[in-house]
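Undergrad: After the structure tokens below, expect a handful of questions from me.
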Amino acid sequence: MRVRSALLYTVLRLAAFLVPFGLMMLIPILREYYWLSAIFAALIGLSLSLLFLRRPLEDATAGLAERRTPRLSDEQVEDAAIDEPPAPTS
């Protein structure tokens, strides 16, 4: 997995939540109802990440997919094809 892409995506997602939350904490009525600010900030952060963070998400998930799939060399594939007995025909 590419650690850099996963770290970048994580930092951007946190910023998408913390910036709106910080701005809402500047409003006196929302400072009193901090839980409401957290809900609104989460919805705004989710919306921003869906709109603008598609590329970093794809990079992070591509790294995960590369890590999960086994890599075989050409020689290993050829050896497996040679060693495999032919399928019986009927």
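Going through the structure tokens in order, the chains are called A, B, and so on, while each chain numbers its residues from 1 and the ligands are numbered from 1 in the order shown.
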List every residue of stretch 23-84 of chain A that DSSP, applied to the backbone of this structure, assigns to helix (DSSP H, G or I), and report them as a VMD selection string.

TA: chain A and resid 23 to 24 28 to 32 34 to 52 54 to 68 74 to 83

Undergrad: What gap, in Å, lies between atom CA of A:Arg13 and atom CA of A:Thr69?

TA: 26.7 Å

Undergrad: Quote the spacing between atom CA of A:Tyr34 and atom CA of A:Pro20 in Å to one decimal place.

TA: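 It comes out at 12.2 Å.
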
Undergrad: Point out the residue among A:Ala62, A:Leu30, A:Ile44, A:Val77 with the least atom-to-atom distance to A:Ala15, counting only C-alpha atoms.

TA: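 Answer, going by the shortest atom-to-atom distance: A:Ile44.
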